[in-house]
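Everything below concerns the one structure shown next.
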Amino acid sequence: MDDLTAVMPTNLLGRARRNENEFVFPYPDVLEVIRLATAHSVAILGVEMFEVSDCLQVQDYSGYEFASGSDWQEFVRANNDAALEFVHSHPGGEEHGYIVTAASEREFRRLGSSGTGTGSSGTGHSNTIL
């Protein structure tokens with residue numbers, strides 16, 4: 001998500017909570033994050049919705065997966081459309097937040113070549129909110 005974070009306005013990042021090295025975006029800011037990702041050719045590989053209090057409690061997560069082919073823009077469009085659909089169907093209130101798993105083409109290819117895969121960020125969350 002480093003390539004996506006690099007293009008985010010500071011006011012958008014400033015409204016997000018931090019969970020270690022991840023940003024937890026409120027609704028509707030998460031929609032702007034997905035729009036920025038699309039504009040900068042970054043694929044949203046997954047979205048997780050949390051109830052936020054002293055800790056994060058998973059409420060739901062997206063379950064879409066698309067094969068990456070030779071057309072990166074189509075891959076971005078398919079993933080990001082699915083991410084928008086998930087968020088629109090799971091609008092959270094003030095006590096909710098979203099973590100997106102995102103990758104630019106460069107980041108995605110690097111993940112593939114390292115053998116680590118591109119799984120959702122949901123497997124290694126600490127529950128501490130900053």
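Note on naming: chains are A, B, ... as they come in the structure tokens, residues start from 1 per chain, ligands start from 1 in the order shown.
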**Request:** Select from stretch 17-57 of chain A everything DSSP, run on the backbone, classes as strand (DSSP E), then give the selection as an NGL selection string.
**Result:** :A and (17-19 or 22-24 or 42-52 or 56-57)
Selection to disk with N, CA and C atoms, as a PDB file, in the first residue's frame:
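Writing done, so here's result-v4.pdb:
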```
ATOM      1  N   ARG A  17      -7.436   6.383  11.438  1.00  0.00           N
ATOM      2  CA  ARG A  17      -6.783   5.886  12.650  1.00  0.00           C
ATOM      3  C   ARG A  17      -5.638   4.991  12.208  1.00  0.00           C
ATOM      4  N   ARG A  18      -4.718   4.735  13.114  1.00  0.00           N
ATOM      5  CA  ARG A  18      -3.593   3.855  12.807  1.00  0.00           C
ATOM      6  C   ARG A  18      -3.712   2.574  13.604  1.00  0.00           C
ATOM      7  N   ASN A  19      -3.459   1.482  12.938  1.00  0.00           N
ATOM      8  CA  ASN A  19      -3.356   0.177  13.573  1.00  0.00           C
ATOM      9  C   ASN A  19      -1.990  -0.355  13.167  1.00  0.00           C
ATOM     10  N   GLU A  22      -0.914   0.120   9.496  1.00  0.00           N
ATOM     11  CA  GLU A  22      -2.063   0.209   8.594  1.00  0.00           C
ATOM     12  C   GLU A  22      -2.955   1.391   8.972  1.00  0.00           C
ATOM     13  N   PHE A  23      -3.614   1.925   7.955  1.00  0.00           N
ATOM     14  CA  PHE A  23      -4.569   2.999   8.158  1.00  0.00           C
ATOM     15  C   PHE A  23      -5.974   2.411   8.223  1.00  0.00           C
ATOM     16  N   VAL A  24      -6.755   2.882   9.176  1.00  0.00           N
ATOM     17  CA  VAL A  24      -8.153   2.472   9.324  1.00  0.00           C
ATOM     18  C   VAL A  24      -8.983   3.689   8.931  1.00  0.00           C
ATOM     19  N   VAL A  42      -3.806   1.639  -8.881  1.00  0.00           N
ATOM     20  CA  VAL A  42      -3.518   0.775  -7.735  1.00  0.00           C
ATOM     21  C   VAL A  42      -4.737  -0.110  -7.505  1.00  0.00           C
ATOM     22  N   ALA A  43      -4.508  -1.406  -7.407  1.00  0.00           N
ATOM     23  CA  ALA A  43      -5.606  -2.360  -7.200  1.00  0.00           C
ATOM     24  C   ALA A  43      -5.906  -2.508  -5.709  1.00  0.00           C
ATOM     25  N   ILE A  44      -7.185  -2.462  -5.358  1.00  0.00           N
ATOM     26  CA  ILE A  44      -7.630  -2.757  -3.993  1.00  0.00           C
ATOM     27  C   ILE A  44      -7.921  -4.255  -3.962  1.00  0.00           C
ATOM     28  N   LEU A  45      -7.050  -5.006  -3.346  1.00  0.00           N
ATOM     29  CA  LEU A  45      -7.136  -6.467  -3.352  1.00  0.00           C
ATOM     30  C   LEU A  45      -8.114  -7.013  -2.321  1.00  0.00           C
ATOM     31  N   GLY A  46      -8.479  -6.185  -1.364  1.00  0.00           N
ATOM     32  CA  GLY A  46      -9.429  -6.609  -0.343  1.00  0.00           C
ATOM     33  C   GLY A  46      -9.773  -5.464   0.577  1.00  0.00           C
ATOM     34  N   VAL A  47     -10.924  -5.580   1.222  1.00  0.00           N
ATOM     35  CA  VAL A  47     -11.399  -4.573   2.175  1.00  0.00           C
ATOM     36  C   VAL A  47     -11.901  -5.306   3.410  1.00  0.00           C
ATOM     37  N   GLU A  48     -11.527  -4.799   4.564  1.00  0.00           N
ATOM     38  CA  GLU A  48     -12.024  -5.345   5.817  1.00  0.00           C
ATOM     39  C   GLU A  48     -12.738  -4.240   6.575  1.00  0.00           C
ATOM     40  N   MET A  49     -13.871  -4.585   7.156  1.00  0.00           N
ATOM     41  CA  MET A  49     -14.652  -3.634   7.942  1.00  0.00           C
ATOM     42  C   MET A  49     -14.538  -4.022   9.412  1.00  0.00           C
ATOM     43  N   PHE A  50     -14.270  -3.016  10.244  1.00  0.00           N
ATOM     44  CA  PHE A  50     -14.074  -3.249  11.665  1.00  0.00           C
ATOM     45  C   PHE A  50     -14.981  -2.354  12.491  1.00  0.00           C
ATOM     46  N   GLU A  51     -15.350  -2.855  13.659  1.00  0.00           N
ATOM     47  CA  GLU A  51     -15.899  -1.994  14.693  1.00  0.00           C
ATOM     48  C   GLU A  51     -14.681  -1.499  15.466  1.00  0.00           C
ATOM     49  N   VAL A  52     -14.614  -0.200  15.666  1.00  0.00           N
ATOM     50  CA  VAL A  52     -13.445   0.398  16.292  1.00  0.00           C
ATOM     51  C   VAL A  52     -13.821   0.909  17.673  1.00  0.00           C
ATOM     52  N   LEU A  56      -9.778  -3.364  17.427  1.00  0.00           N
ATOM     53  CA  LEU A  56     -10.510  -3.620  16.179  1.00  0.00           C
ATOM     54  C   LEU A  56     -11.238  -4.949  16.299  1.00  0.00           C
ATOM     55  N   GLN A  57     -12.515  -4.945  15.967  1.00  0.00           N
ATOM     56  CA  GLN A  57     -13.283  -6.177  15.933  1.00  0.00           C
ATOM     57  C   GLN A  57     -13.804  -6.338  14.508  1.00  0.00           C
TER      58      GLN A  57
END
```
**Request:** Please return as a list in words: the residues of stretch 81-117 of chain A that backbone DSSP assigns to helix (DSSP H, G or I).
**Result:**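 The helix (DSSP H, G or I) subset of stretch 81-117 of chain A is Asp81, Ala82, Ala83, Leu84, Glu85, Phe86, Val87, His88, Ser89, Glu105, Arg106, Glu107, Phe108, Arg109, Arg110, Leu111, Gly112, Ser113 and Ser114 of chain A.
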Store the residues picked out above in a file with N, CA and C atoms, as a PDB file, in the first residue's frame.
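Result saved to result_21.pdb:
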```
ATOM      1  N   ASP A  81     -13.858  -1.925  -8.528  1.00  0.00           N
ATOM      2  CA  ASP A  81     -15.319  -1.946  -8.607  1.00  0.00           C
ATOM      3  C   ASP A  81     -15.899  -2.854  -7.521  1.00  0.00           C
ATOM      4  N   ALA A  82     -15.259  -4.006  -7.308  1.00  0.00           N
ATOM      5  CA  ALA A  82     -15.719  -4.924  -6.264  1.00  0.00           C
ATOM      6  C   ALA A  82     -15.520  -4.310  -4.875  1.00  0.00           C
ATOM      7  N   ALA A  83     -14.439  -3.584  -4.679  1.00  0.00           N
ATOM      8  CA  ALA A  83     -14.198  -2.914  -3.397  1.00  0.00           C
ATOM      9  C   ALA A  83     -15.264  -1.859  -3.130  1.00  0.00           C
ATOM     10  N   LEU A  84     -15.576  -1.050  -4.150  1.00  0.00           N
ATOM     11  CA  LEU A  84     -16.632  -0.045  -4.002  1.00  0.00           C
ATOM     12  C   LEU A  84     -17.973  -0.696  -3.685  1.00  0.00           C
ATOM     13  N   GLU A  85     -18.275  -1.783  -4.373  1.00  0.00           N
ATOM     14  CA  GLU A  85     -19.534  -2.491  -4.130  1.00  0.00           C
ATOM     15  C   GLU A  85     -19.602  -3.001  -2.690  1.00  0.00           C
ATOM     16  N   PHE A  86     -18.486  -3.557  -2.202  1.00  0.00           N
ATOM     17  CA  PHE A  86     -18.458  -4.047  -0.829  1.00  0.00           C
ATOM     18  C   PHE A  86     -18.719  -2.908   0.159  1.00  0.00           C
ATOM     19  N   VAL A  87     -18.026  -1.790  -0.005  1.00  0.00           N
ATOM     20  CA  VAL A  87     -18.178  -0.676   0.930  1.00  0.00           C
ATOM     21  C   VAL A  87     -19.584  -0.089   0.851  1.00  0.00           C
ATOM     22  N   HIS A  88     -20.109   0.069  -0.365  1.00  0.00           N
ATOM     23  CA  HIS A  88     -21.469   0.599  -0.500  1.00  0.00           C
ATOM     24  C   HIS A  88     -22.494  -0.311   0.168  1.00  0.00           C
ATOM     25  N   SER A  89     -22.243  -1.608   0.159  1.00  0.00           N
ATOM     26  CA  SER A  89     -23.190  -2.537   0.781  1.00  0.00           C
ATOM     27  C   SER A  89     -22.921  -2.726   2.275  1.00  0.00           C
ATOM     28  N   GLU A 105       0.984  -2.042  -9.592  1.00  0.00           N
ATOM     29  CA  GLU A 105       1.489  -3.153 -10.413  1.00  0.00           C
ATOM     30  C   GLU A 105       2.896  -3.548  -9.972  1.00  0.00           C
ATOM     31  N   ARG A 106       3.727  -2.564  -9.678  1.00  0.00           N
ATOM     32  CA  ARG A 106       5.095  -2.837  -9.229  1.00  0.00           C
ATOM     33  C   ARG A 106       5.074  -3.631  -7.926  1.00  0.00           C
ATOM     34  N   GLU A 107       4.261  -3.215  -6.962  1.00  0.00           N
ATOM     35  CA  GLU A 107       4.177  -3.916  -5.680  1.00  0.00           C
ATOM     36  C   GLU A 107       3.610  -5.322  -5.853  1.00  0.00           C
ATOM     37  N   PHE A 108       2.594  -5.443  -6.698  1.00  0.00           N
ATOM     38  CA  PHE A 108       1.948  -6.735  -6.930  1.00  0.00           C
ATOM     39  C   PHE A 108       2.929  -7.726  -7.550  1.00  0.00           C
ATOM     40  N   ARG A 109       3.684  -7.271  -8.551  1.00  0.00           N
ATOM     41  CA  ARG A 109       4.657  -8.155  -9.211  1.00  0.00           C
ATOM     42  C   ARG A 109       5.756  -8.550  -8.238  1.00  0.00           C
ATOM     43  N   ARG A 110       6.162  -7.609  -7.382  1.00  0.00           N
ATOM     44  CA  ARG A 110       7.195  -7.915  -6.392  1.00  0.00           C
ATOM     45  C   ARG A 110       6.685  -8.980  -5.413  1.00  0.00           C
ATOM     46  N   LEU A 111       5.423  -8.874  -4.990  1.00  0.00           N
ATOM     47  CA  LEU A 111       4.844  -9.887  -4.109  1.00  0.00           C
ATOM     48  C   LEU A 111       4.829 -11.255  -4.774  1.00  0.00           C
ATOM     49  N   GLY A 112       4.447 -11.273  -6.052  1.00  0.00           N
ATOM     50  CA  GLY A 112       4.387 -12.530  -6.783  1.00  0.00           C
ATOM     51  C   GLY A 112       5.743 -13.175  -6.929  1.00  0.00           C
ATOM     52  N   SER A 113       6.781 -12.373  -7.133  1.00  0.00           N
ATOM     53  CA  SER A 113       8.110 -12.935  -7.329  1.00  0.00           C
ATOM     54  C   SER A 113       8.758 -13.358  -6.016  1.00  0.00           C
ATOM     55  N   SER A 114       8.268 -12.831  -4.887  1.00  0.00           N
ATOM     56  CA  SER A 114       8.857 -13.206  -3.602  1.00  0.00           C
ATOM     57  C   SER A 114       8.225 -14.469  -3.034  1.00  0.00           C
TER      58      SER A 114
END
```
**Nearest to A:Tyr98 by atom-to-atom distance, counting only C-alpha atoms, from A:Val7, A:Ala78, A:Val30, A:Ala37** =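 The closest residue to A:Tyr98 is A:Val30.
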**Request:** Select, from A:Ala39, A:Leu13, A:Ile34, A:Met1, the residue with the minimum atom-to-atom distance to A:Asn79, counting only C-alpha atoms.
**Result:**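 Ranked by minimum distance to A:Asn79, first place goes to A:Ile34.
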**Request:** State, in Å with one decimal place, the distance from atom CA of A:Gly93 to atom CA of A:Pro28.
**Result:**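 These atoms are spaced 9.1 Å apart.
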**atom CA of A:Gly63 to atom CA of A:Tyr27, straight-line distance in Å** =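 Answer for the atom CA of A:Tyr27 to atom CA of A:Gly63 separation: 19.3 Å.
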